[in-house]
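In what follows, a single structure is set out as structure tokens and then discussed.
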Amino acid sequence: MSLIWWNASWLAHVGVFIAFALLSLWSARPFADEHADPGWIVIDEMAGTFVAVIGLAGWPWLVAVVVARIGDIFKVLPGVAPAERLPGAAGITLDDIVAGLYGLAVGWVTWWLL
């Protein structure tokens with residue numbers, strides 16, 4: 001789905017990210033007491049992916065997505081695991097967003113280097 005936004009403006013990317021982040025917080029709310037990230041709800045991954053690609057296209061876009069997904073899956077980047085331990089829907093969503101911010105940083109560095 002994110003490929004259809006490839007050529008959109010950075011402001012559109014920010015808008016889509018905010019929408020996905022809010023939807024993620026809302027949809028994760030019923031599972032907040034279980035303090036587990038339900039694998040079948042993927043809107044939190046979409047929020048993390050969309051923050052990673054703000055204003056990017058081409059190779060930097062791909063690098064940003066890969067870094068964000070690896071950061072979210074393995075929780076090795078500073079701040080990702082602590083964000084996941086936050087209570088409620090925030091913990092379910094914010095680990096993906098923190099990983100996405102790492103992806104965004106690496107994507108922009110890649111853009112600058114190319």
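By convention here, the chains of the structure tokens are called A, B, ... in the order presented, each chain's residues are numbered starting at 1, and ligands are numbered starting at 1 in the order presented.
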Within 6 Å of Asp95 in chain A using only C-alpha atoms, minus same-chain residues under 2 positions, as a PyMOL selection string: chain A and resi 80+83-84+93+97-98
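Interatomic distance, CA of Pro82 in chain A to CA of Gly48 in chain A: 15.6 Å.
Nearest to Thr110 in chain A of all the residues A:Val63, A:Val16, A:Val53, A:Leu11 is A:Val63, based on only C-alpha atoms.
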Work out how far CA of Glu34 in chain A is from CA of Tyr102 in chain A, in Å to one decimal. 27.3 Å
In terms of the shortest atom-to-atom distance over only C-alpha atoms, which of A:Arg85, A:Lys75, A:His13, A:Arg69 is closest to Ala36 in chain A? A:Arg85
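Of the listed residues (A:Ala68, A:Leu113, A:Leu104, A:Ala90), A:Ala90 comes nearest to Ala32 in chain A; the distances count only C-alpha atoms.
When CA of Ile41 in chain A is paired with CA of Leu23 in chain A, their separation reads 10.8 Å.
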Among chain A, which residues carry a DSSP assignment of alpha helix (DSSP H), reported as a PyMOL selection string? chain A and resi 10-28+43-52+58-74+80-84+88-113
So which residues touch Trp10 in chain A within 12 Å, counting only C-alpha atoms, skipping near sequence neighbours fewer than 6 positions away, as a count of residues only? 10
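The nearest approach to Glu45 in chain A among the residues A:Leu94, A:Ala105, A:Leu114, A:Leu62, with only C-alpha atoms taken into account, belongs to A:Leu94.
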